[in-house]
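Data block below; observations after.
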There are 2 protein chains.
Amino acid sequence: MTTLKNDRFLRALLRQPVDVTPVWMMRQAGRYLPEYRATRAKAGSFMNLCTSPEFACEVTLQPLDRYPLDAAILFSDILTIPDAMGLGLYFSEGEGPRFKNPLRTAQDVAKLGVPDPETELRYVMDAVRLIRKELAGRVPLIGFAGSPWTLATYMVEGSSSKEYSIIKKMMFDEPKVMHQLLDKVAQSVTSYLNAQIVAGAQAVMIFDTWGGILTPRDYKLFSLAYMDRIVKGLQRENEGRKVPVILFTKGGGAWLKDMAATGCDALGVDWTLNLGDARKQVGDSVALQGNMDPSVLYASPARIREEVATILASYGKGNGHVFNLGHGIHQHVVPEHAGAFIEAVHELSKPYHAA
Amino acid sequence: MTTLKNDRFLRALLRQPVDVTPVWMMRQAGRYLPEYRATRAKAGSFMNLCTSPEFACEVTLQPLDRYPLDAAILFSDILTIPDAMGLGLYFSEGEGPRFKNPLRTAQDVAKLGVPDPETELRYVMDAVRLIRKELAGRVPLIGFAGSPWTLATYMVEGSSSKEYSIIKKMMFDEPKVMHQLLDKVAQSVTSYLNAQIVAGAQAVMIFDTWGGILTPRDYKLFSLAYMDRIVKGLQRENEGRKVPVILFTKGGGAWLKDMAATGCDALGVDWTLNLGDARKQVGDSVALQGNMDPSVLYASPARIREEVATILASYGKGNGHVFNLGHGIHQHVVPEHAGAFIEAVHELSKPYHAA
């Protein structure tokens with residue numbers, strides 16, 4: 001394996017000293033980039049883009065060729081796992097992801113198997129291997145998966161949802177079936193992330209996009225409990241280095257202490273929380289990744305710079321901060337604004353890391 | 001004026017003793033009721049339903065004829081104010097509210113006037129008067145308005161939004177224009193709510209549906225500051241009785257103390273917060289209204305009852321709780337389930353109010 005030339009990101013996740021605050025952007029390989037749109041057109045469909053290791057590698061590297069980012073993130077979709085479980089993922093234009101065979105009954109759930117990542121999700125592992133080769137040690141590669149609760153919302157609803165009426169009915173009326181489903185998904189996510197780590201992912205992140213729609217009690221029972229199992233089941237070291245684990249529950253600002261108690265290394269934080277307050281909540285237990293409102297990138301570069309300065313000051317001196325947006329970069333952001341953001345983080349963070 | 005036969009709701013908002021916990025449901029006059037759908041069909045369009053005092057009165061009373069609710073809420077829409085300001089509200093089937101003339105420039109904002117409620121929004125005041133007459137003192141009538149920030153999101157975006165890119169760009173790049181807009185809307189909301197109070201609204205609620213998409217700093221600057229002005233500008237007494245004011249920011253669970261500091265009487269609480277924890281946060285400063293996950297109504301009546309019991313226990317003994325859902329009732333809820341919910345609140349809350 002080639003040596004890692006820039007390990008700021010991994011060091012910050014482990015709360016080790018760095019020269020400047022590392023930065024990456026959720027959904028950095030995405031529609032706001034013209035080069036992404038060109039590859040997407042070449043691929044024909046979003047599914048083709050995801051399932052071809054070559055296309056996935058190409059779009060993963062695009063933002064790195066444009067910006068001095070401190071990490072690459074595997075281009076893929078969180079719904080690859082349910083697809084491999086036989087639900088039949090497809091994307092309808094303008095309406096987002098859909099499943100041909102959503103889960104509605106105890107029988108549907110009982111029939112589900114746990115996919116073998118190196119066979120049924122081999123295209124993802126091949127993409128990880130290819131990206132690592134092409135990265136040639138420039139920056140670390142992040143692997144990822146959706147949280148069991150978040151995957152289950154799509155698997156039961158059959159698509160994106162506004163009210164989550166079907167899965168919530170299942171959760172309230174048939175908690176045993178719900179737990180059976182979440183257990184199978186948690187097993188699948190664990191082996192999927194472990195396979196990504198073995199294939200070369202140098203950090204992993206679990207996206208809990210929909211944990212925030214639950215009451216505190218239901219969040220703990222139906223979302224956090226399963227992320228906890230995953231964290232405890234992950235291979236935490238590879239190639240002689242620690243493999244940090246990041247948990248991110250959108251809208252989960254009130255539950256950071258509970259999330260840190262899983263033993264993960266870092267937490268993603270959205271922008272509805274002051275980062276300094278988040279740091280006070282978790283103390284030295286975990287690093288924090290975040291938390292600029294992605295809409296700030298619609299503002300002028302001068303305003304973006306101001307906001308970066310505010311967030312750096314909010315976190316303050318010391319280790320353990322990875323700069324990021326509080327959610328994925330929006331598709332209509334001008335690429336130059338993303339550049340101004342990344343430059344501002346590196347430049348303005350120096351004083352916070354001076355001896 | 002007729003005497004109020006059931007004043008539990010008003011008493012609970014003022015943290016006075018009651019026999020059982022009062023209950024109402026946000027959006028209780030709505031699509032889940034077949035009688036509402038019948039009136040809606042008769043009215044032809046949603047706008048006709050809103051602008052006809054007779055239809056508005058009819059649908060306001062429908063849930064009260066079906067359930068032993070402790071309050072009526074004026075049937076109207078939060079966007080009546082921007083419509084009266086000349087933005088041209090219309091509803092496109094399946095896509096929600098839209099404005100013909102969204103605000104995009106400093107000039108657009110400069111041109112805006114503050115509508116006179118008794119002329120430009122007279123249909124709302126006529127509805128309030130008619131409903132009060134038809135209620136004949138059964139339960140109190142709640143008036144309401146959207147928060148300035150929430151109204152501004154629709155006024156600037158021109159419709160519902162996912163990313164709020166246009167208004168956020170304005171907020172970040174042109175804060176003066178944003179404040180000018182919010183100032184005019186706050187003046188409009190204040191005189192609109194005062195007119196509702198004079199016309200007969202016995203409590204008023206401000207719905208801040210989109211305050212929760214802001215950072216804590218921006219929430220305080222662009223949403224809470226204007227709700228604060230409104231609270232301080234309201235007529236707090238009428239017909240020899242206090243007129244309680246309720247503030248509700250969806251997703252604002254972390255900011256309850258700041259909201260209470262406006263001097264309002266009560267706070268709406270969504271379900272992402274434990275009600276007992278919310279009570280600890282605010283102490284004796286305000287009453288709390290909430291906070292069952294509206295999706296619980298999809299579950300069985302037995303499960304609904306269980307959840308009601310949990311929330312009552314979470315709030316505990318003592319005054320100051322109005323039971324409600326944490327958000328509007330969903331349109332696909334079976335009416336019988338709403339009935340089971342209301343019955344459970346009255347029945348199970350007795351021990352919490354025993355001497």
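Chain lettering (A, B, ...) mirrors the order of the structure tokens, residue numbering begins at 1 for each chain separately, and ligand numbering begins at 1 in order of display.
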Could you pull the residues within 9 Å of region 6-23 of chain B, counting only C-alpha atoms, minus those fewer than 5 positions along the same chain, as an mmCIF file with C-alpha atoms, in the first residue's frame?
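The new file selection-v6.cif reads:
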data_model
loop_
_atom_site.group_PDB
_atom_site.id
_atom_site.type_symbol
_atom_site.label_atom_id
_atom_site.label_comp_id
_atom_site.auth_asym_id
_atom_site.auth_seq_id
_atom_site.Cartn_x
_atom_site.Cartn_y
_atom_site.Cartn_z
ATOM 1 C CA PRO B 68 -65.160 16.387 22.930
ATOM 2 C CA LEU B 69 -62.317 18.774 22.031
ATOM 3 C CA ASP B 70 -61.452 21.570 24.448
ATOM 4 C CA ALA B 71 -60.772 24.254 21.843
ATOM 5 C CA GLY B 137 -69.513 29.418 24.436
ATOM 6 C CA ARG B 138 -68.963 25.656 24.021
ATOM 7 C CA VAL B 139 -65.155 26.019 23.973
ATOM 8 C CA PRO B 140 -62.730 28.872 23.346
ATOM 9 C CA GLN B 202 -59.763 33.892 22.933
ATOM 10 C CA ALA B 203 -56.174 32.682 22.538
ATOM 11 C CA LYS B 242 -56.631 37.102 29.513
ATOM 12 C CA VAL B 243 -55.895 36.127 25.930
ATOM 13 C CA PRO B 244 -53.027 33.622 26.121
ATOM 14 C CA VAL B 245 -50.330 33.584 23.432
ATOM 15 C CA ILE B 246 -48.737 30.329 22.252
ATOM 16 C CA ASP B 265 -47.896 32.213 27.906
ATOM 17 C CA ALA B 266 -47.262 28.816 26.338
ATOM 18 C CA ASP B 284 -42.786 27.623 35.723
ATOM 19 C CA VAL B 286 -44.795 28.982 30.492
ATOM 20 C CA ALA B 287 -47.337 26.260 29.844
ATOM 21 C CA LEU B 288 -46.521 23.531 27.311
ATOM 22 C CA GLN B 289 -48.683 22.259 24.493
ATOM 23 C CA LEU B 312 -49.051 12.418 30.589
ATOM 24 C CA GLY B 318 -49.320 19.990 38.141
ATOM 25 C CA ASN B 319 -50.767 22.646 35.918
ATOM 26 C CA GLY B 320 -49.750 23.972 32.546
ATOM 27 C CA HIS B 321 -50.193 21.127 30.064
ATOM 28 C CA VAL B 322 -52.396 21.281 26.983
ATOM 29 C CA PHE B 323 -52.340 17.953 25.168
ATOM 30 C CA ASN B 324 -51.829 18.126 21.420
ATOM 31 C CA ILE B 342 -59.016 12.535 22.716
ATOM 32 C CA VAL B 345 -56.358 12.208 27.225
ATOM 33 C CA HIS B 346 -59.444 13.099 29.236
ATOM 34 C CA GLU B 347 -59.734 9.736 30.922
ATOM 35 C CA LEU B 348 -56.094 9.066 31.745
ATOM 36 C CA SER B 349 -55.257 12.608 32.861
ATOM 37 C CA LYS B 350 -57.679 12.677 35.824
ATOM 38 C CA PRO B 351 -55.145 11.402 38.409
ATOM 39 C CA TYR B 352 -52.701 14.142 37.410
ATOM 40 C CA HIS B 353 -55.170 16.816 38.453
ATOM 41 C CA ALA B 354 -56.571 15.222 41.633
#
- Backbone-only DSSP, helix (DSSP H, G or I) members of region 158-271 of chain B, as an NGL selection string: :B and (165-173 or 175-199 or 211-213 or 216-233 or 253-260)
Could you save the residues just selected, with C-alpha atoms, as a PDB file, in the first residue's frame?
ATOM      1  CA  SER B 165     -31.883  28.666  -1.293  1.00  0.00           C
ATOM      2  CA  ILE B 166     -33.424  31.984  -2.345  1.00  0.00           C
ATOM      3  CA  ILE B 167     -34.403  33.247   1.082  1.00  0.00           C
ATOM      4  CA  LYS B 168     -31.158  32.033   2.634  1.00  0.00           C
ATOM      5  CA  LYS B 169     -29.128  33.812  -0.026  1.00  0.00           C
ATOM      6  CA  MET B 170     -31.089  36.972   0.811  1.00  0.00           C
ATOM      7  CA  MET B 171     -30.554  36.428   4.532  1.00  0.00           C
ATOM      8  CA  PHE B 172     -26.799  35.902   4.164  1.00  0.00           C
ATOM      9  CA  ASP B 173     -26.064  38.478   1.469  1.00  0.00           C
ATOM     10  CA  PRO B 175     -29.540  41.010   5.806  1.00  0.00           C
ATOM     11  CA  LYS B 176     -30.901  44.586   5.739  1.00  0.00           C
ATOM     12  CA  VAL B 177     -33.475  43.735   3.091  1.00  0.00           C
ATOM     13  CA  MET B 178     -34.363  40.586   5.015  1.00  0.00           C
ATOM     14  CA  HIS B 179     -34.892  42.572   8.205  1.00  0.00           C
ATOM     15  CA  GLN B 180     -36.973  45.156   6.357  1.00  0.00           C
ATOM     16  CA  LEU B 181     -39.215  42.379   5.069  1.00  0.00           C
ATOM     17  CA  LEU B 182     -39.500  40.688   8.460  1.00  0.00           C
ATOM     18  CA  ASP B 183     -40.276  44.007  10.097  1.00  0.00           C
ATOM     19  CA  LYS B 184     -43.194  44.635   7.734  1.00  0.00           C
ATOM     20  CA  VAL B 185     -44.492  41.115   8.169  1.00  0.00           C
ATOM     21  CA  ALA B 186     -44.190  41.371  11.960  1.00  0.00           C
ATOM     22  CA  GLN B 187     -46.238  44.586  11.926  1.00  0.00           C
ATOM     23  CA  SER B 188     -48.811  42.885   9.725  1.00  0.00           C
ATOM     24  CA  VAL B 189     -49.011  39.806  11.955  1.00  0.00           C
ATOM     25  CA  THR B 190     -49.375  41.960  15.064  1.00  0.00           C
ATOM     26  CA  SER B 191     -52.301  43.945  13.736  1.00  0.00           C
ATOM     27  CA  TYR B 192     -53.839  40.811  12.183  1.00  0.00           C
ATOM     28  CA  LEU B 193     -53.751  38.926  15.504  1.00  0.00           C
ATOM     29  CA  ASN B 194     -54.992  41.949  17.436  1.00  0.00           C
ATOM     30  CA  ALA B 195     -57.908  42.221  15.027  1.00  0.00           C
ATOM     31  CA  GLN B 196     -58.646  38.506  15.543  1.00  0.00           C
ATOM     32  CA  ILE B 197     -58.605  39.083  19.316  1.00  0.00           C
ATOM     33  CA  VAL B 198     -61.001  42.034  19.043  1.00  0.00           C
ATOM     34  CA  ALA B 199     -63.221  39.974  16.719  1.00  0.00           C
ATOM     35  CA  GLY B 211     -37.621  28.445  12.240  1.00  0.00           C
ATOM     36  CA  GLY B 212     -36.026  25.039  12.745  1.00  0.00           C
ATOM     37  CA  ILE B 213     -34.100  25.209   9.450  1.00  0.00           C
ATOM     38  CA  PRO B 216     -29.263  28.986  16.585  1.00  0.00           C
ATOM     39  CA  ARG B 217     -27.820  32.420  15.801  1.00  0.00           C
ATOM     40  CA  ASP B 218     -29.989  32.973  12.723  1.00  0.00           C
ATOM     41  CA  TYR B 219     -33.062  31.646  14.507  1.00  0.00           C
ATOM     42  CA  LYS B 220     -32.659  34.305  17.166  1.00  0.00           C
ATOM     43  CA  LEU B 221     -31.923  37.096  14.672  1.00  0.00           C
ATOM     44  CA  PHE B 222     -34.410  36.292  11.933  1.00  0.00           C
ATOM     45  CA  SER B 223     -37.231  34.358  13.568  1.00  0.00           C
ATOM     46  CA  LEU B 224     -37.421  34.723  17.342  1.00  0.00           C
ATOM     47  CA  ALA B 225     -36.681  38.471  17.391  1.00  0.00           C
ATOM     48  CA  TYR B 226     -39.790  39.105  15.302  1.00  0.00           C
ATOM     49  CA  MET B 227     -42.022  36.767  17.287  1.00  0.00           C
ATOM     50  CA  ASP B 228     -40.787  38.643  20.346  1.00  0.00           C
ATOM     51  CA  ARG B 229     -41.955  41.944  18.859  1.00  0.00           C
ATOM     52  CA  ILE B 230     -45.339  40.451  18.064  1.00  0.00           C
ATOM     53  CA  VAL B 231     -45.820  39.058  21.575  1.00  0.00           C
ATOM     54  CA  LYS B 232     -45.001  42.479  23.017  1.00  0.00           C
ATOM     55  CA  GLY B 233     -47.440  44.186  20.605  1.00  0.00           C
ATOM     56  CA  GLY B 253     -36.773  22.069  21.055  1.00  0.00           C
ATOM     57  CA  ALA B 254     -33.325  23.434  21.912  1.00  0.00           C
ATOM     58  CA  TRP B 255     -34.586  27.018  22.117  1.00  0.00           C
ATOM     59  CA  LEU B 256     -37.552  26.752  24.486  1.00  0.00           C
ATOM     60  CA  LYS B 257     -35.984  28.971  27.151  1.00  0.00           C
ATOM     61  CA  ASP B 258     -35.341  31.737  24.622  1.00  0.00           C
ATOM     62  CA  MET B 259     -38.886  31.422  23.335  1.00  0.00           C
ATOM     63  CA  ALA B 260     -40.331  31.589  26.843  1.00  0.00           C
TER      64      ALA B 260
END
- Message: Using only C-alpha atoms, which protein or nucleic acid residues come within 10 Å of Val269 (chain B)? Drop anything in the same chain fewer than 4 positions from it, and give the result as a PyMOL selection string.
- Response: chain B and resi 247-253+256+273-275+278+288-292+324-327
Atoms to include: N, CA and C atoms. Write the selected residues as a CSV table (one decimal), in the first residue's frame.
chain,number,residue,atom,x,y,z
B,247,LEU,N,-46.5,30.2,21.3
B,247,LEU,CA,-45.5,30.2,20.3
B,247,LEU,C,-45.1,28.7,19.9
B,248,PHE,N,-45.0,28.4,18.7
B,248,PHE,CA,-44.6,27.1,18.3
B,248,PHE,C,-43.6,27.1,17.1
B,249,THR,N,-42.3,26.7,17.5
B,249,THR,CA,-41.3,26.6,16.4
B,249,THR,C,-41.1,25.1,16.2
B,250,LYS,N,-41.4,24.6,15.1
B,250,LYS,CA,-41.2,23.2,14.8
B,250,LYS,C,-39.7,23.0,14.7
B,251,GLY,N,-39.2,21.9,15.4
B,251,GLY,CA,-37.8,21.7,15.5
B,251,GLY,C,-37.0,22.7,16.4
B,252,GLY,N,-37.8,23.4,17.2
B,252,GLY,CA,-37.1,24.4,18.1
B,252,GLY,C,-36.9,23.9,19.5
B,253,GLY,N,-36.9,22.6,19.7
B,253,GLY,CA,-36.8,22.1,21.1
B,253,GLY,C,-35.6,22.6,21.9
B,256,LEU,N,-36.3,26.5,23.7
B,256,LEU,CA,-37.6,26.8,24.5
B,256,LEU,C,-37.4,27.9,25.5
B,273,LEU,N,-38.7,15.9,21.3
B,273,LEU,CA,-38.3,16.2,22.7
B,273,LEU,C,-39.2,15.5,23.7
B,274,ASN,N,-38.6,15.1,24.8
B,274,ASN,CA,-39.3,14.5,25.9
B,274,ASN,C,-40.0,15.6,26.6
B,275,LEU,N,-41.3,15.5,26.8
B,275,LEU,CA,-42.1,16.6,27.4
B,275,LEU,C,-41.6,16.9,28.8
B,278,ALA,N,-38.6,19.0,28.5
B,278,ALA,CA,-39.1,20.4,28.1
B,278,ALA,C,-39.5,21.2,29.3
B,288,LEU,N,-47.0,24.3,28.5
B,288,LEU,CA,-46.5,23.5,27.3
B,288,LEU,C,-47.7,22.8,26.6
B,289,GLN,N,-47.6,22.9,25.3
B,289,GLN,CA,-48.7,22.3,24.5
B,289,GLN,C,-48.0,21.2,23.6
B,290,GLY,N,-48.4,20.0,23.8
B,290,GLY,CA,-47.9,18.9,22.9
B,290,GLY,C,-48.1,17.6,23.6
B,291,ASN,N,-47.3,16.6,23.1
B,291,ASN,CA,-46.4,16.6,22.0
B,291,ASN,C,-46.3,15.2,21.4
B,292,MET,N,-47.5,14.6,21.2
B,292,MET,CA,-47.5,13.2,20.6
B,292,MET,C,-47.1,13.3,19.1
B,324,ASN,N,-51.7,17.9,22.8
B,324,ASN,CA,-51.8,18.1,21.4
B,324,ASN,C,-50.9,17.2,20.7
B,325,LEU,N,-51.0,17.1,19.4
B,325,LEU,CA,-50.0,16.4,18.6
B,325,LEU,C,-48.8,17.3,18.4
B,326,GLY,N,-47.7,16.8,18.1
B,326,GLY,CA,-46.5,17.6,17.9
B,326,GLY,C,-46.5,18.3,16.6
B,327,HIS,N,-47.4,18.0,15.7
B,327,HIS,CA,-47.6,18.7,14.4
B,327,HIS,C,-49.0,18.4,13.9
- Task: Assign secondary structure with DSSP using the backbone only, and return the residues of region 183-282 of chain B in strand (DSSP E) as number ranges by chain.
- Result: B: 203-208, 237-238, 241-242, 245-249, 266-268
Would you export the selected residues with C-alpha atoms as a short mmCIF file (atom, residue, chain, number, x, y, z; two decimals), in the first residue's frame, please?
data_model
loop_
_atom_site.label_atom_id
_atom_site.label_comp_id
_atom_site.auth_asym_id
_atom_site.auth_seq_id
_atom_site.Cartn_x
_atom_site.Cartn_y
_atom_site.Cartn_z
CA ALA B 203 -56.17 32.68 22.54
CA VAL B 204 -53.69 33.13 19.69
CA MET B 205 -50.96 30.88 18.37
CA ILE B 206 -47.99 31.78 16.18
CA PHE B 207 -46.82 28.96 13.91
CA ASP B 208 -43.11 29.08 13.16
CA GLU B 237 -56.85 40.86 27.47
CA ASN B 238 -60.37 40.97 26.02
CA ARG B 241 -60.29 37.61 30.29
CA LYS B 242 -56.63 37.10 29.51
CA VAL B 245 -50.33 33.58 23.43
CA ILE B 246 -48.74 30.33 22.25
CA LEU B 247 -45.48 30.18 20.26
CA PHE B 248 -44.57 27.08 18.28
CA THR B 249 -41.32 26.59 16.41
CA ALA B 266 -47.26 28.82 26.34
CA LEU B 267 -45.00 26.94 23.93
CA GLY B 268 -45.91 24.28 21.42
#
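The gap separating CA of Ala29 (chain A) from CA of Thr215 (chain B) is 25.2 Å, in Å to one decimal.
The interatomic distance for the pair CA of Met155 (chain B) and CA of Pro102 (chain B) works out to 5.3 Å.
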- Any idea what's packed within 9 Å of Gly328 (chain A), counting only C-alpha atoms, ignoring anything in its chain fewer than 5 positions away? Could you give it as JSON, numbers by chain? {"A": [25, 26, 27, 28, 294]}
Given the selection you just returned, output its residues as a file containing N, CA and C atoms, formatted as a PDB file, in the first residue's frame.
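Result went into again-v1.pdb, see below:
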ATOM      1  N   MET A  25     -16.701  17.753   1.933  1.00  0.00           N
ATOM      2  CA  MET A  25     -18.117  18.133   1.845  1.00  0.00           C
ATOM      3  C   MET A  25     -18.969  16.901   1.585  1.00  0.00           C
ATOM      4  N   MET A  26     -20.003  16.720   2.394  1.00  0.00           N
ATOM      5  CA  MET A  26     -20.923  15.636   2.096  1.00  0.00           C
ATOM      6  C   MET A  26     -21.489  15.867   0.691  1.00  0.00           C
ATOM      7  N   ARG A  27     -21.605  14.813  -0.075  1.00  0.00           N
ATOM      8  CA  ARG A  27     -22.070  14.847  -1.477  1.00  0.00           C
ATOM      9  C   ARG A  27     -21.152  15.681  -2.375  1.00  0.00           C
ATOM     10  N   GLN A  28     -19.836  15.682  -2.048  1.00  0.00           N
ATOM     11  CA  GLN A  28     -18.894  16.500  -2.825  1.00  0.00           C
ATOM     12  C   GLN A  28     -18.776  16.028  -4.271  1.00  0.00           C
ATOM     13  N   PRO A 294     -25.423  24.331   4.625  1.00  0.00           N
ATOM     14  CA  PRO A 294     -25.026  24.212   3.212  1.00  0.00           C
ATOM     15  C   PRO A 294     -25.519  25.383   2.359  1.00  0.00           C
TER      16      PRO A 294
END
8 Å contact set for Ala72 (chain B), only C-alpha atoms, chain neighbours under 6 positions out, as a tab-separated table (two decimals) with C-alpha atoms, in the first residue's frame:
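For reference, out.tsv as written:
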chain	number	residue	atom	x	y	z
B	24	TRP	CA	-57.09	19.78	20.76
B	60	THR	CA	-64.06	24.88	12.14
B	61	LEU	CA	-67.03	23.38	13.97
B	64	LEU	CA	-66.17	19.77	17.67
B	139	VAL	CA	-65.16	26.02	23.97
B	140	PRO	CA	-62.73	28.87	23.35
B	141	LEU	CA	-61.69	29.85	19.84
B	142	ILE	CA	-58.00	30.00	18.91
- What does the distance from CA of Cys264 (chain A) to CA of Thr209 (chain A) come to in Å, to one decimal? 17.3 Å
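Counting only C-alpha atoms and comparing B:Ala43, B:Ala261, B:Leu214, B:Ala309, the residue that lies closest to chain A is B:Leu214.
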I want to know what sits within 9 Å of Phe46 (chain A), based on only C-alpha atoms, with residues of the same chain fewer than 5 positions away left out; could you give that as a CSV table (one decimal) with N, CA and C atoms, in the first residue's frame?
chain,number,residue,atom,x,y,z
A,40,ARG,N,-22.4,11.5,-15.5
A,40,ARG,CA,-23.7,11.0,-15.3
A,40,ARG,C,-24.4,10.8,-16.6
A,41,ALA,N,-24.3,11.7,-17.5
A,41,ALA,CA,-24.9,11.6,-18.9
A,41,ALA,C,-24.3,10.4,-19.6
A,51,THR,N,-23.2,1.4,-10.1
A,51,THR,CA,-22.8,0.0,-10.2
A,51,THR,C,-21.6,-0.2,-11.1
A,90,TYR,N,-34.8,1.3,-8.0
A,90,TYR,CA,-34.8,2.1,-9.2
A,90,TYR,C,-35.0,3.5,-8.9
A,91,PHE,N,-34.6,4.4,-9.9
A,91,PHE,CA,-34.7,5.8,-9.7
A,91,PHE,C,-35.7,6.4,-10.7
